[in-house]
$ cat query02.txt   # compact mmCIF, C-alpha atoms
# COMPACT_ATOMS: atom_id res chain seq x y z
CA MET I 6 -0.64 -8.73 -28.51
CA GLY I 7 1.70 -11.02 -30.47
CA ALA I 8 1.68 -13.77 -27.84
CA ILE I 9 1.28 -16.35 -30.57
CA LYS I 10 3.82 -16.56 -33.35
CA PHE I 11 4.11 -18.82 -36.38
CA GLY I 12 7.42 -20.07 -37.77
CA ASP I 13 9.90 -22.65 -36.49
CA PHE I 14 10.55 -22.72 -32.77
CA GLN I 15 12.35 -24.87 -30.25
CA LEU I 16 10.29 -25.82 -27.20
CA VAL I 17 11.52 -26.31 -23.62
CA SER I 18 11.29 -30.06 -24.24
CA GLY I 19 13.82 -29.72 -27.09
CA THR I 20 11.35 -30.60 -29.87
CA ARG I 21 10.47 -28.14 -32.62
CA SER I 22 7.11 -26.51 -33.20
CA PRO I 23 5.61 -24.46 -36.07
CA TYR I 24 4.03 -22.10 -33.55
CA TYR I 25 4.98 -20.57 -30.21
CA ILE I 26 2.90 -19.03 -27.45
CA ASP I 27 4.65 -16.62 -25.10
CA LEU I 28 2.34 -15.68 -22.25
CA ARG I 29 5.21 -13.87 -20.63
CA LEU I 30 4.02 -11.02 -22.83
CA ALA I 31 0.59 -10.85 -21.17
CA PRO I 32 1.67 -8.63 -18.23
CA SER I 33 2.81 -6.03 -20.77
CA TYR I 34 -0.90 -5.47 -21.33
CA PRO I 35 -2.40 -5.02 -17.83
CA GLU I 36 -6.07 -5.05 -18.95
CA MET I 37 -5.35 -8.31 -20.77
CA LEU I 38 -3.69 -9.87 -17.73
CA ASP I 39 -6.61 -8.71 -15.57
CA ARG I 40 -9.16 -10.28 -17.93
CA ILE I 41 -7.16 -13.50 -18.23
CA GLY I 42 -7.07 -13.60 -14.41
CA ASP I 43 -10.88 -13.26 -14.31
CA LEU I 44 -11.22 -16.17 -16.76
CA TYR I 45 -9.04 -18.39 -14.56
CA VAL I 46 -11.10 -17.44 -11.51
CA GLU I 47 -14.30 -18.34 -13.36
CA VAL I 48 -13.00 -21.82 -14.22
CA VAL I 49 -11.75 -22.34 -10.66
CA LYS I 50 -15.10 -21.27 -9.18
CA ASN I 51 -17.20 -23.33 -11.60
CA GLU I 52 -15.16 -26.47 -12.09
CA ILE I 53 -12.97 -26.97 -9.04
CA GLN I 54 -14.19 -25.20 -5.92
CA PRO I 55 -17.58 -27.01 -5.81
CA LYS I 56 -15.79 -30.32 -5.29
CA TRP I 57 -12.35 -29.43 -3.92
CA LYS I 58 -11.35 -27.00 -1.18
CA ILE I 59 -8.36 -24.90 -2.26
CA ASP I 60 -5.86 -23.87 0.43
CA ARG I 61 -3.08 -22.56 -1.80
CA ILE I 62 -2.55 -21.32 -5.34
CA GLY I 63 0.60 -22.93 -6.73
CA GLY I 64 2.48 -20.77 -9.24
CA VAL I 65 4.99 -22.02 -11.78
CA PRO I 66 7.87 -19.65 -12.65
CA THR I 67 8.65 -18.06 -14.98
CA ALA I 68 5.71 -17.68 -17.35
CA GLY I 69 3.02 -18.97 -14.98
CA LEU I 70 3.93 -17.00 -11.86
CA PRO I 71 2.41 -13.60 -12.75
CA VAL I 72 -1.01 -15.03 -13.56
CA ALA I 73 -0.91 -17.31 -10.49
CA THR I 74 -0.31 -14.21 -8.35
CA VAL I 75 -3.22 -12.43 -10.01
CA VAL I 76 -5.50 -15.42 -9.29
CA SER I 77 -4.19 -15.56 -5.70
CA GLN I 78 -5.02 -11.90 -5.19
CA LYS I 79 -8.44 -12.04 -6.83
CA MET I 80 -9.47 -15.10 -4.78
CA ARG I 81 -7.63 -14.06 -1.61
CA ILE I 82 -5.98 -17.47 -1.41
CA PRO I 83 -2.29 -17.54 -0.39
CA LEU I 84 0.30 -18.15 -3.11
CA ILE I 85 3.16 -20.63 -3.09
CA TYR I 86 5.63 -21.41 -5.85
CA VAL I 87 8.41 -23.82 -6.62
CA ARG I 88 11.72 -22.21 -7.44
CA LYS I 89 13.35 -23.28 -10.69
CA GLU I 90 16.80 -23.28 -9.16
CA GLN I 91 17.57 -23.29 -5.50
CA LYS I 92 18.94 -19.97 -4.33
CA ALA I 93 22.54 -20.07 -3.22
CA HIS I 94 21.86 -17.33 -0.67
CA GLY I 95 19.19 -16.82 1.91
CA LEU I 96 17.07 -19.71 3.12
CA GLY I 97 17.89 -21.97 0.16
CA LYS I 98 14.44 -23.54 0.15
CA SER I 99 12.67 -24.83 -2.94
CA ILE I 100 9.08 -23.78 -2.09
CA GLU I 101 8.37 -20.08 -1.54
CA GLY I 102 5.49 -18.94 0.64
CA VAL I 103 3.76 -20.82 3.43
CA VAL I 104 2.46 -24.34 2.92
CA ASN I 105 1.10 -26.61 5.61
CA ASP I 106 1.07 -30.40 5.58
CA ASN I 107 -1.85 -31.74 3.54
CA ASP I 108 -2.89 -28.37 2.14
CA ASN I 109 -4.80 -28.64 -1.14
CA VAL I 110 -2.78 -26.82 -3.79
CA LEU I 111 -4.28 -25.71 -7.09
CA LEU I 112 -1.58 -25.40 -9.75
CA VAL I 113 -1.99 -22.35 -11.99
CA ASP I 114 0.21 -22.29 -15.08
CA ASP I 115 0.25 -20.66 -18.51
CA LEU I 116 0.09 -23.68 -20.78
CA VAL I 117 0.47 -27.43 -20.97
CA THR I 118 2.22 -29.32 -23.77
CA THR I 119 2.94 -32.89 -22.68
CA GLY I 120 2.44 -32.10 -19.00
CA GLN I 121 5.93 -33.24 -17.99
CA SER I 122 7.03 -30.02 -16.31
CA THR I 123 3.68 -29.73 -14.49
CA ILE I 124 4.05 -33.30 -13.20
CA GLY I 125 7.53 -32.33 -11.95
CA GLU I 126 6.15 -29.30 -10.07
CA ALA I 127 3.40 -31.40 -8.54
CA ALA I 128 5.90 -34.02 -7.37
CA ILE I 129 7.88 -31.38 -5.42
CA LEU I 130 4.72 -29.93 -3.85
CA ARG I 131 3.40 -33.39 -3.04
CA GLU I 132 6.22 -33.88 -0.54
CA ARG I 133 4.10 -31.62 1.67
CA ALA I 134 0.70 -31.06 0.10
CA ASN I 135 -2.08 -32.49 -2.07
CA VAL I 136 -2.10 -31.47 -5.71
CA GLY I 137 -5.17 -32.57 -7.66
CA HIS I 138 -5.99 -29.92 -10.25
CA VAL I 139 -4.19 -27.73 -12.78
CA VAL I 140 -5.65 -24.68 -14.54
CA VAL I 141 -3.93 -23.38 -17.67
CA LEU I 142 -4.82 -20.83 -20.30
CA VAL I 143 -3.90 -23.06 -23.24
CA ASP I 144 -3.80 -26.83 -23.74
CA ARG I 145 -1.41 -27.42 -26.65
CA GLU I 146 -3.11 -30.80 -27.12
CA GLN I 147 0.05 -32.87 -27.21
CA GLY I 148 -0.98 -35.50 -24.71
CA GLY I 149 -1.12 -33.18 -21.67
CA PRO I 150 -4.54 -34.12 -20.24
CA GLY I 151 -3.87 -37.89 -20.46
CA ASN I 152 -0.36 -37.70 -19.01
CA LEU I 153 -1.57 -35.46 -16.20
CA GLN I 154 -4.48 -37.75 -15.45
CA SER I 155 -2.09 -40.71 -15.16
CA ALA I 156 -0.23 -38.63 -12.57
CA GLY I 157 -3.45 -37.94 -10.66
CA LEU I 158 -3.87 -34.40 -11.95
CA GLN I 159 -7.03 -33.10 -13.59
CA LEU I 160 -6.40 -30.45 -16.25
CA HIS I 161 -8.74 -27.46 -16.68
CA PRO I 162 -7.71 -25.52 -19.78
CA LEU I 163 -9.38 -22.20 -20.60
CA VAL I 164 -8.92 -22.93 -24.31
CA LYS I 165 -7.58 -25.68 -26.56
CA ILE I 166 -4.99 -24.66 -29.13
CA THR I 167 -6.95 -26.07 -32.09
CA ASP I 168 -9.88 -23.83 -31.09
CA VAL I 169 -7.50 -20.87 -31.06
CA PHE I 170 -6.28 -21.76 -34.57
CA ALA I 171 -9.84 -22.21 -35.86
CA TYR I 172 -10.77 -18.82 -34.42
CA LEU I 173 -7.72 -17.13 -35.94
CA LYS I 174 -8.52 -18.72 -39.30
CA GLU I 175 -12.09 -17.45 -39.11
CA LEU I 176 -10.80 -13.94 -38.38
CA GLY I 177 -8.43 -14.25 -41.31
CA ALA I 178 -5.55 -13.75 -38.88
CA ILE I 179 -3.58 -16.74 -40.21
CA PRO I 180 -3.16 -17.82 -43.84
CA PRO I 181 -4.90 -21.12 -44.79
CA ASN I 182 -1.59 -22.92 -45.43
CA THR I 183 -0.23 -21.94 -41.99
CA TYR I 184 -3.49 -23.20 -40.51
CA GLU I 185 -3.00 -26.56 -42.26
CA VAL I 186 0.62 -26.81 -41.03
CA VAL I 187 -0.18 -26.13 -37.39
CA MET I 188 -3.29 -28.36 -37.34
CA GLU I 189 -1.26 -31.17 -38.92
CA TYR I 190 1.49 -30.60 -36.35
CA VAL I 191 -0.97 -30.86 -33.43
CA ALA I 192 -2.63 -33.97 -34.95
CA THR I 193 0.67 -35.83 -35.42
CA SER I 194 2.28 -34.76 -32.16
CA THR I 195 -0.73 -35.63 -29.99
CA LYS I 196 0.58 -39.13 -29.42
CA VAL I 197 3.93 -37.98 -27.96
CA PRO I 198 4.30 -40.19 -24.90
CA ALA I 199 5.44 -38.80 -21.58
CA GLN I 200 9.06 -39.69 -20.85
CA MET U 20 -3.52 14.71 5.70
CA ALA U 21 -5.68 11.67 6.31
CA GLN U 22 -3.89 10.00 3.44
CA VAL U 23 -0.43 10.73 4.82
CA LYS U 24 -1.49 9.18 8.10
CA GLN U 25 -2.87 6.18 6.26
CA VAL U 26 0.41 5.67 4.40
CA GLN U 27 2.33 5.91 7.69
CA ASN U 28 0.05 3.31 9.21
CA LEU U 29 0.53 0.99 6.25
CA ARG U 30 4.29 1.42 6.46
CA SER U 31 4.43 0.50 10.12
CA ALA U 32 2.04 -2.40 9.50
CA LEU U 33 4.42 -3.64 6.81
CA ALA U 34 7.46 -3.22 9.07
CA ARG U 35 5.79 -5.21 11.88
CA LEU U 36 4.67 -7.87 9.39
CA ILE U 37 8.25 -8.23 8.13
CA GLU U 38 9.59 -8.61 11.68
CA GLU U 39 6.90 -11.16 12.47
CA LYS U 40 6.77 -13.25 9.28
CA ALA U 41 9.72 -12.55 7.01
CA LEU U 42 12.71 -12.07 9.30
CA PHE U 43 14.84 -15.16 9.89
CA GLN U 44 17.79 -15.27 12.25
CA GLY U 45 20.85 -17.45 11.82
CA GLU U 46 23.90 -17.64 9.58
CA PHE U 47 23.08 -16.69 6.00
CA LYS U 48 25.00 -16.08 2.84
CA SER U 49 24.02 -12.75 1.33
CA PRO U 50 23.55 -12.33 -2.45
CA SER U 51 26.91 -10.54 -2.69
CA GLY U 52 28.64 -13.51 -1.07
CA GLY U 53 29.06 -11.89 2.37
CA ARG U 54 27.67 -13.25 5.62
CA SER U 55 24.71 -12.02 7.58
CA ASN U 56 23.07 -13.11 10.80
CA TYR U 57 19.60 -12.44 9.48
CA TYR U 58 17.67 -12.87 6.27
CA ILE U 59 14.49 -11.23 5.03
CA ASP U 60 12.24 -13.30 2.79
CA MET U 61 9.64 -10.95 1.31
CA ALA U 62 7.83 -13.88 -0.32
CA MET U 63 6.48 -14.56 3.19
CA ILE U 64 4.68 -11.21 2.93
CA PHE U 65 3.40 -10.93 -0.65
CA THR U 66 2.23 -14.54 -0.93
CA GLN U 67 -0.33 -13.74 1.80
CA PRO U 68 -3.44 -11.76 0.78
CA THR U 69 -3.14 -9.20 3.61
CA GLY U 70 0.57 -8.61 3.04
CA LEU U 71 0.08 -8.36 -0.70
CA GLU U 72 -2.62 -5.74 -0.27
CA ILE U 73 -0.39 -3.56 1.90
CA VAL U 74 2.49 -3.91 -0.56
CA ILE U 75 0.24 -3.00 -3.51
CA ASN U 76 -1.14 0.09 -1.78
CA LEU U 77 2.24 1.40 -0.68
CA THR U 78 3.78 0.76 -4.10
CA LEU U 79 0.89 2.50 -5.88
CA ASN U 80 1.36 5.45 -3.55
CA GLU U 81 5.02 5.78 -4.62
CA LEU U 82 4.17 5.30 -8.31
CA ARG U 83 1.76 8.24 -8.13
CA ARG U 84 4.70 10.54 -7.33
CA VAL U 85 6.73 9.73 -10.43
CA GLN U 86 6.27 9.84 -14.17
CA VAL U 87 6.04 6.31 -15.38
CA ASP U 88 4.94 4.37 -18.48
CA LYS U 89 5.96 0.83 -17.49
CA ILE U 90 7.15 -1.05 -14.45
CA ALA U 91 9.78 -3.78 -14.42
CA SER U 92 10.81 -6.68 -12.24
CA PRO U 93 14.58 -7.24 -11.84
CA SER U 94 14.30 -10.86 -10.58
CA VAL U 95 11.87 -13.75 -10.22
CA GLU U 96 11.37 -12.78 -6.56
CA ALA U 97 9.72 -9.53 -7.61
CA ASP U 98 7.65 -10.92 -10.51
CA PRO U 99 4.49 -11.57 -8.42
CA ILE U 100 4.43 -8.02 -7.02
CA VAL U 101 5.14 -6.35 -10.34
CA ALA U 102 2.42 -8.32 -12.15
CA VAL U 103 -0.36 -7.38 -9.70
CA VAL U 104 0.83 -3.80 -9.20
CA GLY U 105 0.78 -3.47 -13.00
CA ILE U 106 -2.91 -4.37 -13.08
CA HIS U 107 -3.83 -1.91 -10.32
CA ALA U 108 -1.67 0.89 -11.72
CA LYS U 109 -2.81 0.08 -15.28
CA LEU U 110 0.84 -0.11 -16.32
CA GLY U 111 2.43 -2.80 -18.45
CA SER U 112 5.00 -4.86 -16.58
CA LEU U 113 8.31 -6.10 -17.94
CA PHE U 114 10.48 -8.89 -16.57
CA ILE U 115 14.27 -8.82 -16.54
CA HIS U 116 16.02 -11.68 -14.77
CA GLN U 117 19.77 -11.51 -14.00
CA GLY U 118 20.03 -8.59 -16.40
CA GLU U 119 18.33 -10.48 -19.27
CA PRO U 120 14.80 -9.93 -20.59
CA ILE U 121 12.81 -13.18 -20.19
CA TYR U 122 11.07 -13.02 -23.57
CA ALA U 123 11.81 -15.79 -26.03
CA TYR U 124 10.82 -14.21 -29.33
CA GLU U 125 10.05 -10.57 -28.58
CA LYS U 126 12.51 -7.70 -28.34
CA LEU U 127 12.39 -5.51 -25.25
CA GLU U 128 12.51 -2.51 -27.59
CA ASN U 129 9.11 -3.48 -29.01
CA LEU U 130 7.57 -3.75 -25.55
CA LEU U 131 8.72 -0.19 -24.81
CA SER U 132 6.93 1.29 -27.80
CA GLY U 133 4.06 2.64 -25.67
CA GLY U 134 6.33 4.71 -23.42
CA LYS U 135 9.91 4.56 -22.27
CA ARG U 136 9.86 5.72 -18.64
CA VAL U 137 10.34 2.57 -16.60
CA VAL U 138 10.27 2.21 -12.81
CA ILE U 139 11.93 -0.93 -11.46
CA ILE U 140 10.22 -2.60 -8.50
CA ALA U 141 12.36 -4.92 -6.35
CA ASP U 142 11.30 -7.17 -3.48
CA ALA U 143 14.42 -6.37 -1.45
CA THR U 144 17.67 -4.54 -2.09
CA PHE U 145 21.07 -5.27 -0.59
CA GLY U 146 23.95 -3.96 -2.68
CA GLY U 147 21.70 -2.92 -5.57
CA HIS U 148 23.48 -5.00 -8.24
CA THR U 149 20.36 -6.87 -9.38
CA VAL U 150 18.44 -3.63 -9.87
CA LEU U 151 21.37 -2.08 -11.69
CA ALA U 152 21.65 -5.09 -14.03
CA ALA U 153 17.96 -4.73 -14.91
CA ALA U 154 18.34 -0.96 -15.41
CA LYS U 155 21.23 -1.53 -17.80
CA ALA U 156 19.23 -4.04 -19.86
CA LEU U 157 16.27 -1.66 -19.97
CA ARG U 158 18.43 1.33 -20.89
CA SER U 159 20.14 -0.54 -23.69
CA ALA U 160 16.67 -1.20 -25.11
CA GLY U 161 15.94 2.53 -25.05
CA ALA U 162 14.20 2.88 -21.67
CA GLU U 163 14.63 5.81 -19.30
CA VAL U 164 15.19 4.49 -15.79
CA SER U 165 15.48 7.06 -13.02
CA THR U 166 13.54 5.46 -10.16
CA ALA U 167 13.51 2.08 -8.46
CA ILE U 168 11.09 1.14 -5.71
CA THR U 169 12.10 -1.55 -3.25
CA LEU U 170 9.83 -3.13 -0.65
CA VAL U 171 12.71 -3.27 1.79
CA ASP U 172 16.20 -1.81 1.51
CA LEU U 173 18.69 -3.49 3.81
CA GLN U 174 21.05 -0.52 3.49
CA LYS U 175 24.02 -2.47 2.17
CA GLY U 176 24.98 0.08 -0.46
CA ALA U 177 22.07 -0.09 -2.92
CA GLN U 178 21.12 3.59 -2.50
CA GLN U 179 24.69 4.74 -3.22
CA LEU U 180 25.33 2.37 -6.12
CA LEU U 181 22.06 3.23 -7.83
CA GLU U 182 22.40 6.96 -7.23
CA ALA U 183 25.84 6.85 -8.84
CA ASN U 184 24.07 5.37 -11.85
CA GLY U 185 21.34 7.98 -12.02
CA ILE U 186 18.65 5.99 -10.22
CA GLN U 187 16.82 7.13 -7.13
CA LEU U 188 16.01 4.23 -4.81
CA VAL U 189 12.67 4.59 -3.02
CA PRO U 190 12.30 2.05 -0.21
CA LEU U 191 8.92 1.30 1.37
CA ILE U 192 10.81 0.07 4.42
CA GLU U 193 14.47 0.51 5.36
CA ALA U 194 16.63 -1.62 7.63
CA LYS U 195 16.55 1.17 10.20
CA ASP U 196 12.75 0.83 10.46
CA LEU U 197 13.19 -2.76 11.61
CA THR U 198 14.44 -4.36 14.78
CA LEU U 199 17.21 -6.49 13.32
CA PRO U 200 19.54 -8.89 15.14
CA GLU U 201 22.51 -7.40 13.30
CA LYS U 202 22.16 -4.12 15.18
CA ARG U 203 23.23 -5.91 18.32
CA SER U 204 26.35 -7.47 16.82
CA THR U 205 29.37 -6.15 14.96
CA SER U 206 29.26 -5.98 11.18
$ encode --input "query02.txt" --output "structure tokens"
Amino acid sequence: MGAIKFGDFQLVSGTRSPYYIDLRLAPSYPEMLDRIGDLYVEVVKNEIQPKWKIDRIGGVPTAGLPVATVVSQKMRIPLIYVRKEQKAHGLGKSIEGVVNDNDNVLLVDDLVTTGQSTIGEAAILRERANVGHVVVLVDREQGGPGNLQSAGLQLHPLVKITDVFAYLKELGAIPPNTYEVVMEYVATSTKVPAQ
Amino acid sequence: MAQVKQVQNLRSALARLIEEKALFQGEFKSPSGGRSNYYIDMAMIFTQPTGLEIVINLTLNELRRVQVDKIASPSVEADPIVAVVGIHAKLGSLFIHQGEPIYAYEKLENLLSGGKRVVIIADATFGGHTVLAAAKALRSAGAEVSTAITLVDLQKGAQQLLEANGIQLVPLIEAKDLTLPEKRSTS
């Protein structure tokens, strides 16, 4: 579906990357979004629910919110989400939906790079609730799991990016030299410390 | 006939749910900069499983009446609804925020290749400017936009503005279906 592109891209963090994943494209393919939602639910049921009661699904706009809503609907667990910018009109609140004190919130996002933005979301939610786990489709393997763990967040990725590259290489979907470039990029950027 | 009755029941359930959970009284700034003595926060409805289910069913019911290839969200507030409705309607969903497509490295034109008839789905409409901005972005990418569905239309001019721009606004709920504080005051 073209959600992964190779070239030279600027990331949200300001650094450059030889590949880019845009999961905002997933909802353009409803069967794909549905299947991705099922995969999230599977991870949540197998890895998290046995040891942690989930009261709320926490979505992360923009790219993570559609899939968080899908997971919320499939599991019949209420959704909340943190607004990127506070609305000038209306109630002007930063958390949408209903959250009670000490609710357990499972963060559902599209991907994790260094984990910085996820840690920011968790900090806002933690003013009210407990945030212990994060499920993402892709771990970009740039220090995310370690940084998140230091912040008291356990990461549950559906896939690791190097596995995606290996799979694409096997399919012949990326040229060998592109494969080398992106693997080298991941290997050398893994040590990026959290700011 | 049974289905018509069912839709009516869902509509009144949604209206009561809005009054109970999503209607806030007080002094609020409206999106257009005006003042209002109430505010409706539809996130209070669609973030809850029961509310979301009602919204999905009513929206699917309206989508069945029109010819549509894709659905689109005009703002982050509507993204959750559009994403799940897309799955149930088996329609691709597009996201336009403040009149700009949200995609970093993909052209909206390319996402319209499978069909160009797009229905916009909004969480709430006031003056209709947000929906119109999304319609303009979609149209400039080659989409045909002739219908917008809104969960609640607060009857502040959206119907007229959109109609003047060739878009029929289909509200699941209108302000007149609700008991609003404003009806008791002057405005």
$ closest_residue --input "query02.txt" --among "I:Gln154, I:Gln15, I:Thr20, I:Thr74" --to "chain U" --atoms "all atoms listed in the file"
I:Thr74
$ closest_atom_pairs --input "query02.txt" --of "chain U" --to "chain I" --cutoff "9 Å" --atoms "only C-alpha atoms" --output "tab-separated table"
residue	atom	partner	partner_atom	distance
U:Phe43	CA	I:Leu96	CA	8.5
U:Phe47	CA	I:Gly95	CA	5.6
U:Lys48	CA	I:His94	CA	4.9
U:Ser49	CA	I:His94	CA	5.4
U:Pro50	CA	I:His94	CA	5.6
U:Ser51	CA	I:His94	CA	8.7
U:Gly52	CA	I:His94	CA	7.8
U:Tyr57	CA	I:Gly95	CA	8.8
U:Tyr58	CA	I:Gly95	CA	6.1
U:Ile59	CA	I:Gly95	CA	7.9
U:Asp60	CA	I:Gly95	CA	7.8
U:Ala62	CA	I:Gly102	CA	5.7
U:Met63	CA	I:Gly102	CA	5.2
U:Ile64	CA	I:Gly102	CA	8.1
U:Phe65	CA	I:Leu84	CA	8.2
U:Thr66	CA	I:Leu84	CA	4.6
U:Gln67	CA	I:Pro83	CA	4.8
U:Pro68	CA	I:Arg81	CA	5.3
U:Thr69	CA	I:Arg81	CA	8.4
U:Leu71	CA	I:Gln78	CA	7.7
U:Glu72	CA	I:Gln78	CA	8.2
U:Lys89	CA	I:Ser33	CA	8.2
U:Val95	CA	I:Thr67	CA	7.2
U:Asp98	CA	I:Pro71	CA	6.3
U:Pro99	CA	I:Pro71	CA	5.2
U:Ile100	CA	I:Thr74	CA	7.9
U:Val101	CA	I:Pro71	CA	8.1
U:Ala102	CA	I:Pro71	CA	5.3
U:Val103	CA	I:Val75	CA	5.8
U:Gly105	CA	I:Pro35	CA	6.0
U:Ile106	CA	I:Pro35	CA	4.8
U:His107	CA	I:Pro35	CA	8.3
U:Ala108	CA	I:Pro35	CA	8.5
U:Lys109	CA	I:Pro35	CA	5.7
U:Leu110	CA	I:Pro35	CA	6.1
U:Gly111	CA	I:Ser33	CA	4.0
U:Ser112	CA	I:Ser33	CA	4.9
U:Leu113	CA	I:Ser33	CA	6.2
U:Phe114	CA	I:Arg29	CA	8.3
U:Ile121	CA	I:Arg29	CA	7.6
U:Tyr122	CA	I:Arg29	CA	6.6
U:Ala123	CA	I:Asp27	CA	7.3
U:Tyr124	CA	I:Asp27	CA	7.9
U:Glu125	CA	I:Leu30	CA	8.3
U:Leu130	CA	I:Ser33	CA	7.1
$ residues_around --input "query02.txt" --residues "Val87 (chain U)" --least-positions-apart "4" --cutoff "9 Å" --atoms "all atoms listed in the file" --output "PyMOL selection string"
chain U and resi 82-83+110+134-138
$ write_last_selection --input "query02.txt" --atoms "C-alpha atoms" --output "JSON list (two decimals), in the frame of the given file"
[["chain", "number", "residue", "atom", "x", "y", "z"],
["U", 82, "LEU", "CA", 4.17, 5.30, -8.31],
["U", 83, "ARG", "CA", 1.76, 8.24, -8.13],
["U", 110, "LEU", "CA", 0.84, -0.11, -16.32],
["U", 134, "GLY", "CA", 6.33, 4.71, -23.42],
["U", 135, "LYS", "CA", 9.91, 4.56, -22.27],
["U", 136, "ARG", "CA", 9.86, 5.72, -18.64],
["U", 137, "VAL", "CA", 10.34, 2.57, -16.60],
["U", 138, "VAL", "CA", 10.27, 2.21, -12.81]]
$ residues_around --input "query02.txt" --residues "region 23-28 of chain U" --least-positions-apart "3" --cutoff "9 Å" --atoms "only C-alpha atoms" --output "list in words"
Met20, Ser31, Ala32, Leu33, Asn76, Leu77 and Asn80 of chain U
$ atom_distance --input "query02.txt" --atom1 "CA of Ser132 (chain U)" --atom2 "CA of Gln178 (chain U)"
29.1 Å
$ closest_residue --input "query02.txt" --among "U:Glu119, U:Val171, U:Gln44, U:Ile37" --to "Ile192 (chain U)" --atoms "all atoms listed in the file"
U:Val171
$ residues_around --input "query02.txt" --residues "Asp168 (chain I)" --least-positions-apart "5" --cutoff "12 Å" --atoms "all atoms listed in the file" --output "PyMOL selection string"
chain I and resi 143-146+162-163+173-175+184+187-188+191
$ atom_distance --input "query02.txt" --atom1 "CA of Gly176 (chain U)" --atom2 "CA of Pro120 (chain U)"
24.7 Å
$ decode --input "query02.txt" --residues "region 83-100 of chain U" --atoms "N, CA and C atoms" --output "short mmCIF file (atom, residue, chain, number, x, y, z; two decimals), in the first residue's frame"
data_model
loop_
_atom_site.label_atom_id
_atom_site.label_comp_id
_atom_site.auth_asym_id
_atom_site.auth_seq_id
_atom_site.Cartn_x
_atom_site.Cartn_y
_atom_site.Cartn_z
N ARG U 83 -25.66 4.26 2.90
CA ARG U 83 -26.35 3.34 1.97
C ARG U 83 -27.22 4.08 0.97
N ARG U 84 -27.59 5.33 1.29
CA ARG U 84 -28.48 6.09 0.41
C ARG U 84 -27.75 6.85 -0.68
N VAL U 85 -26.42 6.92 -0.58
CA VAL U 85 -25.69 7.74 -1.55
C VAL U 85 -24.67 6.89 -2.30
N GLN U 86 -24.19 7.43 -3.41
CA GLN U 86 -23.14 6.74 -4.15
C GLN U 86 -21.80 7.24 -3.64
N VAL U 87 -20.99 6.32 -3.18
CA VAL U 87 -19.79 6.74 -2.49
C VAL U 87 -18.65 5.74 -2.73
N ASP U 88 -17.45 6.29 -2.95
CA ASP U 88 -16.25 5.45 -3.11
C ASP U 88 -15.33 5.55 -1.91
N LYS U 89 -15.31 6.74 -1.29
CA LYS U 89 -14.41 6.97 -0.15
C LYS U 89 -15.15 7.87 0.84
N ILE U 90 -14.69 7.82 2.09
CA ILE U 90 -15.19 8.79 3.07
C ILE U 90 -14.00 9.62 3.56
N ALA U 91 -14.31 10.80 4.09
CA ALA U 91 -13.22 11.68 4.51
C ALA U 91 -13.56 12.39 5.81
N SER U 92 -12.54 12.56 6.63
CA SER U 92 -12.67 13.32 7.87
C SER U 92 -12.17 14.74 7.62
N PRO U 93 -12.93 15.77 8.06
CA PRO U 93 -12.48 17.16 7.86
C PRO U 93 -11.66 17.71 9.03
N SER U 94 -11.53 16.94 10.12
CA SER U 94 -10.80 17.46 11.30
C SER U 94 -10.45 16.31 12.22
N VAL U 95 -9.49 16.52 13.11
CA VAL U 95 -9.05 15.44 13.99
C VAL U 95 -10.21 14.91 14.85
N GLU U 96 -11.18 15.77 15.15
CA GLU U 96 -12.32 15.35 15.96
C GLU U 96 -13.12 14.24 15.30
N ALA U 97 -13.13 14.22 13.97
CA ALA U 97 -13.93 13.22 13.26
C ALA U 97 -13.11 11.99 12.86
N ASP U 98 -11.80 12.05 13.03
CA ASP U 98 -10.95 10.93 12.58
C ASP U 98 -11.38 9.57 13.17
N PRO U 99 -11.65 9.50 14.49
CA PRO U 99 -12.01 8.20 15.05
C PRO U 99 -13.25 7.60 14.37
N ILE U 100 -14.27 8.42 14.16
CA ILE U 100 -15.52 7.93 13.57
C ILE U 100 -15.28 7.46 12.14
#
